[in-house]
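Asker: Contents of data-v6.txt (compact mmCIF, C-alpha atoms) are given next:
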# COMPACT_ATOMS: atom_id res chain seq x y z
CA MET A 103 -25.11 2.17 30.75
CA ALA A 104 -25.15 0.63 27.29
CA SER A 105 -23.56 2.72 24.55
CA PRO A 106 -26.03 4.90 22.60
CA ALA A 107 -25.07 3.11 19.36
CA ARG A 108 -25.66 -0.35 20.78
CA SER A 109 -28.86 0.71 22.52
CA PHE A 110 -30.11 2.12 19.25
CA ALA A 111 -29.13 -0.98 17.31
CA ARG A 112 -30.97 -3.13 19.85
CA ARG A 113 -34.02 -0.87 19.71
CA ARG A 114 -34.12 -1.15 15.92
CA LEU A 115 -33.83 -4.96 16.12
CA LEU A 116 -36.64 -5.22 18.65
CA THR A 117 -38.79 -2.80 16.70
CA THR A 118 -38.26 -4.70 13.45
CA THR A 119 -38.96 -8.06 15.08
CA ALA A 120 -42.13 -6.77 16.70
CA ALA A 121 -43.31 -5.25 13.42
CA LEU A 122 -42.79 -8.49 11.52
CA THR A 123 -44.55 -10.52 14.20
CA GLY A 124 -47.43 -8.07 14.30
CA ALA A 125 -47.75 -8.12 10.53
CA ALA A 126 -48.01 -11.88 10.52
CA PHE A 127 -50.89 -11.95 12.98
CA LEU A 128 -52.55 -8.58 12.60
CA GLY A 129 -52.15 -7.78 8.93
CA GLY A 130 -53.74 -4.38 8.38
CA THR A 131 -53.02 -3.25 11.97
CA ALA A 132 -49.26 -3.37 11.40
CA HIS A 133 -49.67 -1.50 8.12
CA ALA A 134 -51.75 1.18 9.83
CA ALA A 135 -49.05 1.65 12.48
CA GLU A 136 -46.43 2.17 9.79
CA THR A 137 -48.68 4.66 8.01
CA ARG A 138 -49.13 6.66 11.21
CA LYS A 139 -45.37 6.75 11.82
CA ALA A 140 -44.71 7.83 8.25
CA ALA A 141 -46.98 10.79 8.95
CA TRP A 142 -44.57 12.11 11.57
CA PRO A 143 -43.20 15.45 10.36
CA ALA A 144 -39.95 15.40 8.42
CA GLY A 145 -39.17 18.83 9.80
CA PHE A 146 -40.46 21.21 12.43
CA PRO A 147 -39.78 24.73 13.68
CA LEU A 148 -37.67 25.62 16.69
CA PRO A 149 -38.25 28.85 18.62
CA ASN A 150 -37.24 32.04 16.85
CA GLY A 151 -33.91 33.32 18.11
CA PHE A 152 -33.09 29.98 19.74
CA GLN A 153 -29.76 29.44 17.92
CA PRO A 154 -29.65 25.63 18.09
CA GLU A 155 -26.45 23.63 17.79
CA GLY A 156 -26.71 20.27 19.56
CA ILE A 157 -29.35 17.54 19.50
CA THR A 158 -29.90 14.32 21.44
CA ILE A 159 -32.63 11.67 21.44
CA GLY A 160 -32.96 9.12 24.23
CA SER A 161 -35.10 6.02 24.66
CA SER A 162 -38.37 7.81 23.85
CA PRO A 163 -39.29 9.81 20.71
CA PHE A 164 -38.36 13.26 21.97
CA ALA A 165 -35.51 15.41 20.68
CA TYR A 166 -33.62 17.78 22.96
CA PHE A 167 -31.88 20.86 21.53
CA GLY A 168 -29.41 23.23 23.16
CA SER A 169 -29.36 27.00 22.66
CA LEU A 170 -26.20 28.93 21.86
CA ALA A 171 -27.99 32.13 22.87
CA ASP A 172 -28.60 31.41 26.55
CA GLY A 173 -28.15 27.70 27.27
CA ASP A 174 -31.87 26.82 27.27
CA ILE A 175 -32.95 23.25 26.49
CA TYR A 176 -35.91 22.75 24.14
CA ARG A 177 -37.71 19.41 23.88
CA ALA A 178 -39.82 18.48 20.84
CA ALA A 179 -42.04 15.44 20.27
CA LEU A 180 -40.96 13.70 17.07
CA SER A 181 -44.53 12.56 16.44
CA THR A 182 -45.88 16.11 16.17
CA GLY A 183 -42.91 18.50 16.06
CA ARG A 184 -44.41 20.48 18.94
CA GLY A 185 -42.30 21.32 21.95
CA SER A 186 -41.31 23.73 24.68
CA VAL A 187 -38.33 24.91 26.72
CA ILE A 188 -37.93 22.40 29.56
CA SER A 189 -34.80 23.88 31.18
CA LYS A 190 -33.73 27.50 31.47
CA GLY A 191 -30.06 28.13 30.85
CA LEU A 192 -27.71 30.36 32.78
CA GLY A 193 -28.10 33.20 30.28
CA ALA A 194 -25.89 34.93 27.74
CA GLY A 195 -22.29 33.73 27.94
CA HIS A 196 -23.39 30.26 29.05
CA PRO A 197 -24.39 28.50 25.83
CA THR A 198 -25.31 24.87 25.37
CA VAL A 199 -23.36 23.45 22.45
CA GLY A 200 -23.26 19.64 22.41
CA LEU A 201 -25.58 17.54 24.60
CA LYS A 202 -26.43 13.91 25.29
CA ILE A 203 -29.11 12.20 27.41
CA ASP A 204 -28.55 8.99 29.36
CA ARG A 205 -30.98 6.23 30.33
CA HIS A 206 -31.54 7.86 33.72
CA GLY A 207 -32.95 11.02 32.18
CA ARG A 208 -29.86 13.12 32.82
CA LEU A 209 -28.61 15.58 30.20
CA PHE A 210 -24.89 16.28 29.80
CA LEU A 211 -24.19 19.70 28.33
CA SER A 212 -21.11 21.27 26.73
CA GLY A 213 -20.86 24.89 27.79
CA GLY A 214 -18.89 26.34 24.88
CA ALA A 215 -16.99 29.53 25.68
CA SER A 216 -18.20 29.46 29.30
CA GLY A 217 -15.67 26.68 29.92
CA GLU A 218 -18.35 24.67 31.71
CA LEU A 219 -19.67 21.13 31.79
CA ARG A 220 -23.25 20.99 33.06
CA THR A 221 -25.75 18.29 33.96
CA VAL A 222 -29.52 18.77 33.89
CA ASP A 223 -32.42 16.65 35.11
CA ALA A 224 -34.49 16.26 31.94
CA ARG A 225 -37.64 15.54 33.96
CA SER A 226 -37.61 18.64 36.17
CA GLY A 227 -35.36 20.84 34.02
CA ALA A 228 -33.20 21.64 37.04
CA ILE A 229 -29.49 22.23 36.55
CA GLU A 230 -27.85 19.62 38.79
CA LYS A 231 -24.16 20.50 38.63
CA VAL A 232 -21.85 22.95 36.90
CA TYR A 233 -18.18 22.09 36.48
CA ALA A 234 -15.89 24.99 35.56
CA VAL A 235 -13.01 23.24 33.81
CA GLY A 236 -11.24 26.37 32.62
CA GLY A 237 -11.77 25.40 29.02
CA THR A 238 -11.72 27.90 26.18
CA PHE A 239 -14.55 26.20 24.24
CA VAL A 240 -16.17 22.98 25.47
CA ASN A 241 -17.73 21.72 22.26
CA ASP A 242 -19.29 18.26 22.07
CA VAL A 243 -19.96 15.25 24.30
CA ILE A 244 -20.41 11.48 24.07
CA LEU A 245 -21.39 8.99 26.76
CA THR A 246 -19.55 5.76 27.58
CA PRO A 247 -20.45 3.30 30.36
CA ASP A 248 -18.20 5.03 32.88
CA ALA A 249 -17.81 8.62 31.68
CA ALA A 250 -19.04 11.56 29.66
CA TRP A 251 -16.30 12.74 27.31
CA PHE A 252 -16.13 16.36 26.11
CA THR A 253 -14.07 17.91 23.33
CA GLU A 254 -12.12 21.13 23.84
CA THR A 255 -11.85 23.09 20.62
CA TYR A 256 -8.86 25.30 21.34
CA LYS A 257 -6.72 23.01 23.50
CA ALA A 258 -5.24 19.56 22.89
CA VAL A 259 -7.24 17.92 25.67
CA LEU A 260 -10.45 16.02 26.35
CA TYR A 261 -12.47 16.39 29.54
CA LYS A 262 -13.61 13.17 31.21
CA LEU A 263 -16.57 13.50 33.56
CA VAL A 264 -16.32 10.28 35.56
CA LEU A 265 -19.66 8.59 36.26
CA GLY A 266 -20.52 6.52 39.32
CA ARG A 267 -23.60 4.66 40.49
CA HIS A 268 -26.70 5.22 38.32
CA GLY A 269 -24.64 7.45 36.05
CA ALA A 270 -24.16 10.13 38.69
CA PRO A 271 -21.19 12.45 37.99
CA VAL A 272 -18.23 11.95 40.32
CA GLY A 273 -15.57 14.37 39.11
CA VAL A 274 -13.67 15.73 36.12
CA GLU A 275 -10.33 14.61 34.73
CA THR A 276 -8.35 16.23 31.91
CA VAL A 277 -6.78 13.92 29.34
CA ALA A 278 -4.01 15.39 27.15
CA LEU A 279 -4.05 14.47 23.46
CA SER A 280 -0.85 13.21 21.84
CA GLY A 281 0.35 11.02 18.96
CA ASP A 282 -1.02 12.17 15.60
CA TRP A 283 -3.04 14.96 17.18
CA VAL A 284 -2.35 18.34 15.55
CA GLN A 285 -3.55 21.38 17.47
CA GLY A 286 -4.07 24.41 15.27
CA ASP A 287 -3.85 28.05 16.28
CA GLY A 288 -7.63 28.30 16.15
CA PHE A 289 -10.65 26.02 15.89
CA THR A 290 -9.48 22.38 15.92
CA ALA A 291 -11.54 19.70 17.73
CA ASN A 292 -15.25 19.28 17.16
CA GLY A 293 -17.52 16.19 17.21
CA ILE A 294 -16.92 13.05 19.24
CA GLU A 295 -18.18 9.44 19.16
CA ARG A 296 -17.16 5.92 20.19
CA THR A 297 -15.65 3.26 17.96
CA PRO A 298 -18.03 0.42 17.01
CA ASP A 299 -16.37 -1.95 19.50
CA GLY A 300 -16.37 0.70 22.24
CA SER A 301 -12.61 0.47 22.77
CA ALA A 302 -11.73 4.04 21.80
CA LEU A 303 -13.08 7.49 20.98
CA LEU A 304 -13.45 9.15 17.58
CA VAL A 305 -12.81 12.90 17.40
CA VAL A 306 -13.03 15.31 14.47
CA ASN A 307 -9.86 17.35 13.93
CA VAL A 308 -10.58 19.96 11.23
CA VAL A 309 -6.92 21.07 11.07
CA ALA A 310 -4.87 17.88 10.66
CA ASN A 311 -4.25 17.04 6.98
CA GLY A 312 -7.17 19.16 5.86
CA GLY A 313 -9.62 17.49 8.24
CA ASP A 314 -9.00 14.11 9.87
CA LEU A 315 -10.99 11.75 12.02
CA MET A 316 -8.84 10.76 15.00
CA ARG A 317 -9.06 7.56 17.02
CA VAL A 318 -8.16 8.37 20.62
CA ASP A 319 -7.13 5.87 23.29
CA PRO A 320 -9.20 6.97 26.32
CA ARG A 321 -6.58 5.66 28.75
CA THR A 322 -3.62 7.60 27.38
CA GLY A 323 -4.98 10.27 25.03
CA ALA A 324 -2.83 8.92 22.20
CA ALA A 325 -4.46 9.78 18.86
CA ARG A 326 -4.09 8.06 15.50
CA ALA A 327 -5.63 9.23 12.24
CA VAL A 328 -8.41 6.97 11.00
CA ASP A 329 -7.85 5.75 7.44
CA LEU A 330 -10.77 7.23 5.47
CA GLY A 331 -9.08 6.89 2.10
CA THR A 332 -9.22 10.21 0.26
CA SER A 333 -12.11 11.57 2.36
CA LYS A 334 -11.57 14.62 4.53
CA LEU A 335 -13.64 16.41 7.19
CA PRO A 336 -12.69 20.10 6.86
CA ASN A 337 -16.15 21.11 8.07
CA GLY A 338 -16.73 18.08 10.28
CA ASP A 339 -19.05 18.74 13.19
CA GLY A 340 -21.36 16.24 14.89
CA LEU A 341 -20.77 12.50 14.63
CA LEU A 342 -23.40 9.77 14.88
CA LEU A 343 -22.54 6.07 15.01
CA LEU A 344 -25.22 3.46 14.24
CA GLY A 345 -23.68 0.00 14.36
CA ARG A 346 -20.63 0.38 12.14
CA THR A 347 -22.08 3.21 10.08
CA LEU A 348 -20.70 6.65 10.95
CA TYR A 349 -22.55 9.80 9.93
CA ALA A 350 -20.30 12.89 9.91
CA VAL A 351 -22.08 16.22 9.54
CA GLN A 352 -20.11 18.60 7.30
CA GLN A 353 -21.91 21.71 8.42
CA ALA A 354 -20.83 24.45 5.99
CA GLN A 355 -21.10 21.97 3.11
CA ASN A 356 -24.76 21.28 3.96
CA ALA A 357 -24.03 17.57 3.80
CA ILE A 358 -23.60 14.39 5.82
CA ASP A 359 -20.76 12.08 4.80
CA VAL A 360 -21.39 8.44 5.63
CA PHE A 361 -18.68 5.86 6.32
CA ARG A 362 -18.59 2.15 7.02
CA LEU A 363 -16.07 1.53 9.83
CA ASN A 364 -14.26 -1.58 10.95
CA ALA A 365 -14.97 -2.67 14.52
CA ALA A 366 -11.91 -0.98 16.03
CA GLY A 367 -12.56 2.26 14.20
CA THR A 368 -9.12 2.35 12.59
CA LYS A 369 -10.41 2.35 9.02
CA GLY A 370 -13.51 3.64 7.24
CA THR A 371 -14.89 3.50 3.71
CA ALA A 372 -17.06 6.30 2.30
CA ILE A 373 -20.40 4.83 1.24
CA ALA A 374 -22.71 7.82 0.73
CA ARG A 375 -23.24 11.55 0.97
CA ILE A 376 -26.59 12.89 2.13
CA THR A 377 -27.68 16.33 0.96
CA ASP A 378 -31.05 18.02 1.21
CA PRO A 379 -32.34 21.41 0.01
CA ARG A 380 -33.71 21.98 3.51
CA PHE A 381 -30.23 21.96 5.05
CA ARG A 382 -29.27 25.40 6.37
CA ILE A 383 -25.91 24.55 7.92
CA PRO A 384 -26.87 21.57 10.07
CA THR A 385 -24.44 20.85 12.86
CA THR A 386 -25.27 17.66 14.78
CA ALA A 387 -27.36 14.53 14.36
CA ALA A 388 -29.43 12.06 16.37
CA ALA A 389 -31.48 9.05 15.28
CA TRP A 390 -34.92 7.58 15.83
CA GLY A 391 -36.46 4.78 13.78
CA ASN A 392 -35.08 5.00 10.25
CA ARG A 393 -34.58 8.75 10.41
CA ILE A 394 -31.75 11.10 11.33
CA TYR A 395 -32.71 14.44 12.86
CA LEU A 396 -30.55 17.56 12.59
CA PRO A 397 -30.89 21.16 13.79
CA ASN A 398 -30.19 23.88 11.24
CA ALA A 399 -27.77 26.20 13.03
CA ARG A 400 -27.79 28.85 10.28
CA PHE A 401 -24.22 29.93 10.98
CA ASP A 402 -24.37 32.00 7.78
CA VAL A 403 -26.52 34.51 9.71
CA GLU A 404 -23.80 36.75 11.16
CA GLN A 405 -25.97 38.54 13.70
CA PRO A 406 -28.98 36.46 14.73
CA THR A 407 -31.87 38.38 16.27
CA PRO A 408 -34.76 37.24 18.48
CA ASP A 409 -36.78 36.98 15.25
CA THR A 410 -34.33 34.77 13.33
CA ASP A 411 -36.13 31.54 12.46
CA TYR A 412 -34.68 28.08 13.10
CA ASP A 413 -35.83 24.54 12.46
CA ALA A 414 -34.93 20.87 12.60
CA VAL A 415 -35.11 18.47 9.67
CA ALA A 416 -35.19 14.69 9.30
CA VAL A 417 -33.62 12.59 6.55
CA HIS A 418 -33.61 8.83 5.98
CA GLN A 419 -30.68 6.72 7.09
CA VAL A 420 -28.46 5.10 4.50
Is it possible to give me this structure as structure tokens?
Answerer:
Amino acid sequence: MASPARSFARRRLLTTTAALTGAAFLGGTAHAAETRKAAWPAGFPLPNGFQPEGITIGSSPFAYFGSLADGDIYRAALSTGRGSVISKGLGAGHPTVGLKIDRHGRLFLSGGASGELRTVDARSGAIEKVYAVGGTFVNDVILTPDAAWFTETYKAVLYKLVLGRHGAPVGVETVALSGDWVQGDGFTANGIERTPDGSALLVVNVVANGGDLMRVDPRTGAARAVDLGTSKLPNGDGLLLLGRTLYAVQQAQNAIDVFRLNAAGTKGTAIARITDPRFRIPTTAAAWGNRIYLPNARFDVEQPTPDTDYDAVAVHQV
């Protein structure tokens, strides 16, 4: 499977090329298509009481959200904002935190405090497999050609769900983190991504040096702090890599910090900060077209109820 970042970059290139070609021959038709796409909603509601945290977008314009309340998966059409629950979770105590979808239509879910990794058929909504890894909080997930990698918030490990033919899960391995990794007494690891060249993993560590981005060798677990200059990620949550541009959601700050990385992911330069009055503690990010979509987790609501409202918002890429 191609990496999500490279697949996205290729999709943008093909889309841009097609648009330019169409404009040359069709004139007003290309302009009308752009106008229709611009009319797509820049935000839309999620079900009351849903408690969203993770988001993923695959090869078609649909966003999938996971529920912290009961593990449900909600799918929304980006063109209209309308959606529905397409997979029922395992109930209270089995949340869905991070999630990613592959090109085969399989969802990979982080089970939070349940200590589970789960896979779901996005077409039927059926839960395919549940792996009880004994984790204390399985937080986020990223896909590579041969594995799904999950962060563990309260232990210095990553979980590697090995993938076989057609992306089918084979089994779970635990990779211990070492090197520059600092494991705090509480919440430590959060979002995860790949380096631009695909050679290593990038993991948010909110404890080390006031909030570091760590580059992790997937073979050994050895971690090295990425040089981000004076930038820190004390509230770093979801990561999104588009080419060499890394978007790091700083949830409690209601902001996205944007960095330009070198190919190996050893160094990054801060190039922008995205804020928006519609942000209500966004947590994770996914991309389609020239937009980034984020769920508002509303973690400032201490005791969410079935009537607590939630939504997703879209902002333009840098």
Asker: Do a neighbour search on Gly185 in chain A at 12 Å with all atoms listed in the file, toss out local chain neighbours closer than 6 positions, and write the hits as an NGL selection string.
Answerer: :A and (146-149 or 163-167 or 175-179 or 413-414)
Asker: Those residues with C-alpha atoms, as a compact mmCIF listing (two decimals), in the frame of the given file please?
Answerer:
# COMPACT_ATOMS: atom_id res chain seq x y z
CA PHE A 146 -40.46 21.21 12.43
CA PRO A 147 -39.78 24.73 13.68
CA LEU A 148 -37.67 25.62 16.69
CA PRO A 149 -38.25 28.85 18.62
CA PRO A 163 -39.29 9.81 20.71
CA PHE A 164 -38.36 13.26 21.97
CA ALA A 165 -35.51 15.41 20.68
CA TYR A 166 -33.62 17.78 22.96
CA PHE A 167 -31.88 20.86 21.53
CA ILE A 175 -32.95 23.25 26.49
CA TYR A 176 -35.91 22.75 24.14
CA ARG A 177 -37.71 19.41 23.88
CA ALA A 178 -39.82 18.48 20.84
CA ALA A 179 -42.04 15.44 20.27
CA ASP A 413 -35.83 24.54 12.46
CA ALA A 414 -34.93 20.87 12.60
Asker: In Å, with one decimal, what is the gap from CA of Leu279 in chain A to CA of Gly367 in chain A?
Answerer: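 Here the two named atoms are 17.5 Å from each other.
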Asker: Could you tell me which of A:Val240, A:Ile376, A:Val308, A:Leu344 comes closest to Ala389 in chain A if we count all atoms listed in the file?
Answerer: A:Leu344
Asker: What does the structure give for the distance between CA of Gly156 in chain A and CA of Leu342 in chain A, in Å to one decimal?
Answerer: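 Distance between the two atoms: 12.0 Å.
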Asker: Just how far from CA of Arg317 in chain A is CA of Gly286 in chain A, in Å to one decimal?
Answerer: 17.7 Å
